[in-house]
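Have a look at query-v6.pdb below; it lists PDB, C-alpha atoms and all ligand atoms.
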```pdb
ATOM      1  CA  MET Z 273      17.085 -34.393  30.032  1.00  0.00           C
ATOM      2  CA  GLN Z 274      17.405 -37.698  28.318  1.00  0.00           C
ATOM      3  CA  ILE Z 275      16.583 -38.369  24.701  1.00  0.00           C
ATOM      4  CA  VAL Z 276      15.791 -41.972  23.848  1.00  0.00           C
ATOM      5  CA  ASP Z 277      15.626 -43.416  20.369  1.00  0.00           C
ATOM      6  CA  GLY Z 278      12.195 -45.012  20.386  1.00  0.00           C
ATOM      7  CA  ASP Z 279      13.045 -47.712  17.846  1.00  0.00           C
ATOM      8  CA  ALA Z 280      16.371 -48.840  19.278  1.00  0.00           C
ATOM      9  CA  GLY Z 281      15.727 -47.878  22.914  1.00  0.00           C
ATOM     10  CA  ARG Z 282      19.158 -46.303  23.248  1.00  0.00           C
ATOM     11  CA  GLU Z 283      20.060 -42.959  24.753  1.00  0.00           C
ATOM     12  CA  LEU Z 284      20.929 -40.269  22.228  1.00  0.00           C
ATOM     13  CA  PRO Z 285      23.033 -37.151  22.659  1.00  0.00           C
ATOM     14  CA  LEU Z 286      20.995 -33.956  23.038  1.00  0.00           C
ATOM     15  CA  SER Z 287      22.265 -32.734  19.668  1.00  0.00           C
ATOM     16  CA  ALA Z 288      20.431 -35.631  18.022  1.00  0.00           C
ATOM     17  CA  ALA Z 289      17.055 -34.507  19.352  1.00  0.00           C
ATOM     18  CA  ALA Z 290      14.763 -32.974  16.792  1.00  0.00           C
ATOM     19  CA  THR Z 291      14.123 -29.349  17.662  1.00  0.00           C
ATOM     20  CA  PRO Z 292      10.642 -28.299  16.599  1.00  0.00           C
ATOM     21  CA  SER Z 293      10.610 -25.217  14.423  1.00  0.00           C
ATOM     22  CA  ILE Z 294       8.619 -22.309  15.753  1.00  0.00           C
ATOM     23  CA  MET Z 295       9.531 -19.991  12.918  1.00  0.00           C
ATOM     24  CA  PRO Z 296       7.071 -19.422  10.141  1.00  0.00           C
ATOM     25  CA  ARG Z 297       8.277 -19.407   6.564  1.00  0.00           C
ATOM     26  CA  LEU Z 298       7.477 -16.306   4.540  1.00  0.00           C
ATOM     27  CA  GLU Z 299       6.953 -16.519   0.809  1.00  0.00           C
ATOM     28  CA  VAL Z 300       6.296 -13.332  -1.150  1.00  0.00           C
ATOM     29  CA  LEU Z 301       5.363 -13.794  -4.777  1.00  0.00           C
ATOM     30  CA  GLY Z 302       7.211 -11.777  -7.378  1.00  0.00           C
ATOM     31  CA  SER Z 303       5.794  -8.461  -8.522  1.00  0.00           C
ATOM     32  CA  ALA Z 304       6.739  -5.401 -10.518  1.00  0.00           C
ATOM     33  CA  HIS Z 305       8.957  -4.544  -7.542  1.00  0.00           C
ATOM     34  CA  GLY Z 306      11.162  -7.621  -7.709  1.00  0.00           C
ATOM     35  CA  PRO Z 307      11.444 -11.408  -7.786  1.00  0.00           C
ATOM     36  CA  ALA Z 308       9.806 -13.802  -5.344  1.00  0.00           C
ATOM     37  CA  VAL Z 309      11.504 -14.444  -2.013  1.00  0.00           C
ATOM     38  CA  THR Z 310      11.171 -17.231   0.546  1.00  0.00           C
ATOM     39  CA  LEU Z 311      12.775 -17.277   3.976  1.00  0.00           C
ATOM     40  CA  ASP Z 312      12.290 -18.404   7.557  1.00  0.00           C
ATOM     41  CA  ILE Z 313      11.341 -15.489   9.760  1.00  0.00           C
ATOM     42  CA  ALA Z 314      10.964 -14.649  13.418  1.00  0.00           C
ATOM     43  CA  ALA Z 315       7.812 -13.368  15.048  1.00  0.00           C
ATOM     44  CA  GLY Z 316       7.522  -9.611  14.803  1.00  0.00           C
ATOM     45  CA  ARG Z 317       6.694  -6.961  12.263  1.00  0.00           C
ATOM     46  CA  LEU Z 318       6.022  -8.099   8.702  1.00  0.00           C
ATOM     47  CA  LEU Z 319       7.553  -4.804   7.621  1.00  0.00           C
ATOM     48  CA  ASP Z 320      10.904  -5.832   9.104  1.00  0.00           C
ATOM     49  CA  ALA Z 321      10.727  -9.288   7.515  1.00  0.00           C
ATOM     50  CA  CYS Z 322      10.014  -7.718   4.112  1.00  0.00           C
ATOM     51  CA  ASP Z 323      12.908  -5.304   4.536  1.00  0.00           C
ATOM     52  CA  ASP Z 324      15.272  -8.078   5.622  1.00  0.00           C
ATOM     53  CA  ALA Z 325      14.230 -10.260   2.689  1.00  0.00           C
ATOM     54  CA  ARG Z 326      14.176  -7.409   0.168  1.00  0.00           C
ATOM     55  CA  ALA Z 327      10.692  -8.657  -0.591  1.00  0.00           C
ATOM     56  CA  PRO Z 328       8.966  -7.231  -3.666  1.00  0.00           C
ATOM     57  CA  VAL Z 329       6.508  -5.195  -1.595  1.00  0.00           C
ATOM     58  CA  SER Z 330       6.363  -1.442  -2.126  1.00  0.00           C
ATOM     59  CA  PHE Z 331       6.305   0.748   0.989  1.00  0.00           C
ATOM     60  CA  SER Z 332       5.786   4.476   1.299  1.00  0.00           C
ATOM     61  CA  CYS Z 333       4.470   5.930   4.592  1.00  0.00           C
ATOM     62  CA  ARG Z 334       5.132   2.794   6.685  1.00  0.00           C
ATOM     63  CA  SER Z 335       2.474   4.031   9.106  1.00  0.00           C
ATOM     64  CA  ALA Z 336      -0.981   2.902   7.898  1.00  0.00           C
ATOM     65  CA  SER Z 337      -1.736   5.988   5.830  1.00  0.00           C
ATOM     66  CA  CYS Z 338      -1.129   5.411   2.130  1.00  0.00           C
ATOM     67  CA  GLY Z 339      -2.146   1.809   1.404  1.00  0.00           C
ATOM     68  CA  THR Z 340       0.897   1.283  -0.844  1.00  0.00           C
ATOM     69  CA  CYS Z 341       1.992  -1.858   1.003  1.00  0.00           C
ATOM     70  CA  ARG Z 342      -1.209  -3.849   0.538  1.00  0.00           C
ATOM     71  CA  VAL Z 343      -0.627  -7.580   0.168  1.00  0.00           C
ATOM     72  CA  GLU Z 344      -3.030 -10.433  -0.341  1.00  0.00           C
ATOM     73  CA  VAL Z 345      -2.551 -13.210   2.203  1.00  0.00           C
ATOM     74  CA  LEU Z 346      -2.759 -16.365   0.098  1.00  0.00           C
ATOM     75  CA  ALA Z 347      -1.836 -18.737   2.959  1.00  0.00           C
ATOM     76  CA  GLY Z 348      -1.071 -18.552   6.646  1.00  0.00           C
ATOM     77  CA  ALA Z 349      -3.455 -15.794   7.760  1.00  0.00           C
ATOM     78  CA  ALA Z 350      -3.621 -17.442  11.198  1.00  0.00           C
ATOM     79  CA  LEU Z 351       0.083 -16.676  11.624  1.00  0.00           C
ATOM     80  CA  LEU Z 352      -0.685 -12.949  11.569  1.00  0.00           C
ATOM     81  CA  ASP Z 353      -2.284 -10.955  14.388  1.00  0.00           C
ATOM     82  CA  PRO Z 354      -5.688  -9.516  13.408  1.00  0.00           C
ATOM     83  CA  PRO Z 355      -5.571  -6.017  11.898  1.00  0.00           C
ATOM     84  CA  GLY Z 356      -5.901  -3.074  14.242  1.00  0.00           C
ATOM     85  CA  PRO Z 357      -8.211  -0.056  13.786  1.00  0.00           C
ATOM     86  CA  ASP Z 358      -5.715   2.036  11.772  1.00  0.00           C
ATOM     87  CA  GLU Z 359      -5.073  -0.814   9.353  1.00  0.00           C
ATOM     88  CA  LEU Z 360      -8.780  -1.587   9.004  1.00  0.00           C
ATOM     89  CA  GLU Z 361      -9.498   2.064   8.223  1.00  0.00           C
ATOM     90  CA  VAL Z 362      -6.966   2.156   5.374  1.00  0.00           C
ATOM     91  CA  LEU Z 363      -8.106  -1.210   4.007  1.00  0.00           C
ATOM     92  CA  ALA Z 364     -11.683   0.089   3.983  1.00  0.00           C
ATOM     93  CA  ILE Z 365     -10.652   3.186   2.005  1.00  0.00           C
ATOM     94  CA  PHE Z 366      -9.244   0.879  -0.674  1.00  0.00           C
ATOM     95  CA  ALA Z 367     -12.252  -1.452  -0.519  1.00  0.00           C
ATOM     96  CA  ALA Z 368      -9.716  -4.198   0.039  1.00  0.00           C
ATOM     97  CA  SER Z 369     -10.746  -7.828   0.065  1.00  0.00           C
ATOM     98  CA  PRO Z 370     -10.841  -9.581   3.471  1.00  0.00           C
ATOM     99  CA  ALA Z 371      -7.603 -11.356   2.506  1.00  0.00           C
ATOM    100  CA  GLU Z 372      -5.667  -8.104   2.137  1.00  0.00           C
ATOM    101  CA  ARG Z 373      -3.375  -6.704   4.801  1.00  0.00           C
ATOM    102  CA  LEU Z 374      -1.027  -3.774   5.142  1.00  0.00           C
ATOM    103  CA  ALA Z 375       2.491  -5.172   5.190  1.00  0.00           C
ATOM    104  CA  CYS Z 376       3.626  -2.199   7.275  1.00  0.00           C
ATOM    105  CA  GLN Z 377       1.146  -3.042  10.046  1.00  0.00           C
ATOM    106  CA  ALA Z 378       0.813  -6.825  10.164  1.00  0.00           C
ATOM    107  CA  ILE Z 379       2.476  -8.655  13.041  1.00  0.00           C
ATOM    108  CA  ILE Z 380       3.777 -12.185  12.557  1.00  0.00           C
ATOM    109  CA  ARG Z 381       3.071 -14.697  15.313  1.00  0.00           C
ATOM    110  CA  ALA Z 382       5.509 -17.397  16.353  1.00  0.00           C
ATOM    111  CA  GLY Z 383       4.484 -20.723  14.945  1.00  0.00           C
ATOM    112  CA  ASP Z 384       5.117 -23.315  12.348  1.00  0.00           C
ATOM    113  CA  GLY Z 385       3.675 -22.800   8.901  1.00  0.00           C
ATOM    114  CA  LEU Z 386       3.815 -20.859   5.676  1.00  0.00           C
ATOM    115  CA  ILE Z 387       2.723 -17.287   5.122  1.00  0.00           C
ATOM    116  CA  ARG Z 388       2.310 -16.694   1.388  1.00  0.00           C
ATOM    117  CA  LEU Z 389       1.759 -13.135   0.242  1.00  0.00           C
ATOM    118  CA  GLY Z 390       0.954 -11.636  -3.111  1.00  0.00           C
ATOM    119  CA  PRO Z 391       1.710  -7.925  -3.440  1.00  0.00           C
ATOM    120  CA  VAL Z 392      -1.306  -5.927  -4.622  1.00  0.00           C
ATOM    121  CA  ASP Z 393      -0.494  -3.807  -7.660  1.00  0.00           C
ATOM    122  CA  ASP Z 394      -3.050  -1.148  -8.510  1.00  0.00           C
TER
HETATM  123  S1  LIG M   1       3.358   1.833   3.595  1.00  0.00           S
HETATM  124 FE1  LIG M   1       1.708   3.255   3.699  1.00  0.00          FE
HETATM  125  S2  LIG M   1       0.106   2.065   4.531  1.00  0.00           S
HETATM  126 FE2  LIG M   1       1.798   0.715   4.583  1.00  0.00          FE
END
```
Would you mind giving the structure from this file in structure tokens?
Amino acid sequence: MQIVDGDAGRELPLSAAATPSIMPRLEVLGSAHGPAVTLDIAAGRLLDACDDARAPVSFSCRSASCGTCRVEVLAGAALLDPPGPDELEVLAIFAASPAERLACQAIIRAGDGLIRLGPVDD
């Protein structure tokens, strides 16, 4: 593979090539459970990203039963897989807004962009 500097027309070493980011950035606003955090994350479970970041999201059952981990998705909803039936059932019990998700159930997709979450405090 050859990388060519478009302006100068010269060949560049591979290390000089810009590598596109496919990792979303996660921002969780501060709450009663701790200060705000921001970090680049890999695709996978939002629960794991919150644990790794020590995000200020409160968890209890971690299995779509209690609704403790509700977060409002303020940006980047397209970077999350749609909620499954178990998550939808719990969100309905809490009469959650369409922007709310269960942090223990949401799955992060690979992609570039920002996911901004606001923990829901009852
Ligand atoms: S921690 Fe109980 S529903 Fe997510």
As a quick test: using all atoms listed in the file, which residues lie no more than 8 Å away from ligand LIG 1 (chain M)? Give them as a PyMOL selection string. chain Z and resi 330-342+359+362+374-377
Counting all atoms listed in the file, write as a VMD selection string all protein and nucleic acid residues lying at most 12 Å from (-8.9, -18.2, -0.2) in the file's frame. chain Z and resid 344 to 349 369 to 372 388 to 389
Selection export as a CSV table (one decimal), in the coordinates of the input, atoms kept: C-alpha atoms:
```csv
chain,number,residue,atom,x,y,z
Z,344,GLU,CA,-3.0,-10.4,-0.3
Z,345,VAL,CA,-2.6,-13.2,2.2
Z,346,LEU,CA,-2.8,-16.4,0.1
Z,347,ALA,CA,-1.8,-18.7,3.0
Z,348,GLY,CA,-1.1,-18.6,6.6
Z,349,ALA,CA,-3.5,-15.8,7.8
Z,369,SER,CA,-10.7,-7.8,0.1
Z,370,PRO,CA,-10.8,-9.6,3.5
Z,371,ALA,CA,-7.6,-11.4,2.5
Z,372,GLU,CA,-5.7,-8.1,2.1
Z,388,ARG,CA,2.3,-16.7,1.4
Z,389,LEU,CA,1.8,-13.1,0.2
```
With a distance cut-off of 12 Å and only C-alpha atoms, select the neighbouring residues of Ala350 (chain Z), excluding the residue or stretch itself and same-chain residues fewer than 3 positions from it, and output the selection as a PyMOL selection string. chain Z and resi 296+345-347+353-355+371+378-388
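Taking CA of Cys322 (chain Z) and CA of Thr310 (chain Z) as the two end points, the separation is 10.2 Å.
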Let me know the residues the PyMOL selection byres (((chain Z and resi 304) around 9) and not hetatm) catches in the file above, as a PyMOL selection string. chain Z and resi 302-303+305-307+328-329+393
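Going from CA of Arg373 (chain Z) over to CA of Asp324 (chain Z), you cover 18.7 Å.
In this model, the gap between CA of Asp394 (chain Z) and CA of Leu360 (chain Z) comes to 18.4 Å.
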Could you name the residues that touch Ala321 (chain Z) at 10 Å or less, counting all atoms listed in the file, but leaving out those on the same chain fewer than 3 positions away, as an NGL selection string? :Z and (298 or 311-318 or 324-327 or 375 or 379-380)
What does the file look like for those residues with C-alpha atoms, as a CSV table (one decimal), keeping the file's coordinate frame?
```csv
chain,number,residue,atom,x,y,z
Z,298,LEU,CA,7.5,-16.3,4.5
Z,311,LEU,CA,12.8,-17.3,4.0
Z,312,ASP,CA,12.3,-18.4,7.6
Z,313,ILE,CA,11.3,-15.5,9.8
Z,314,ALA,CA,11.0,-14.6,13.4
Z,315,ALA,CA,7.8,-13.4,15.0
Z,316,GLY,CA,7.5,-9.6,14.8
Z,317,ARG,CA,6.7,-7.0,12.3
Z,318,LEU,CA,6.0,-8.1,8.7
Z,324,ASP,CA,15.3,-8.1,5.6
Z,325,ALA,CA,14.2,-10.3,2.7
Z,326,ARG,CA,14.2,-7.4,0.2
Z,327,ALA,CA,10.7,-8.7,-0.6
Z,375,ALA,CA,2.5,-5.2,5.2
Z,379,ILE,CA,2.5,-8.7,13.0
Z,380,ILE,CA,3.8,-12.2,12.6
```
Given the choices Z:Val343, Z:Asp320, Z:Glu361, Z:Met295, which gets closest to Val392 (chain Z) if the distance is worked out from only C-alpha atoms? Z:Val343
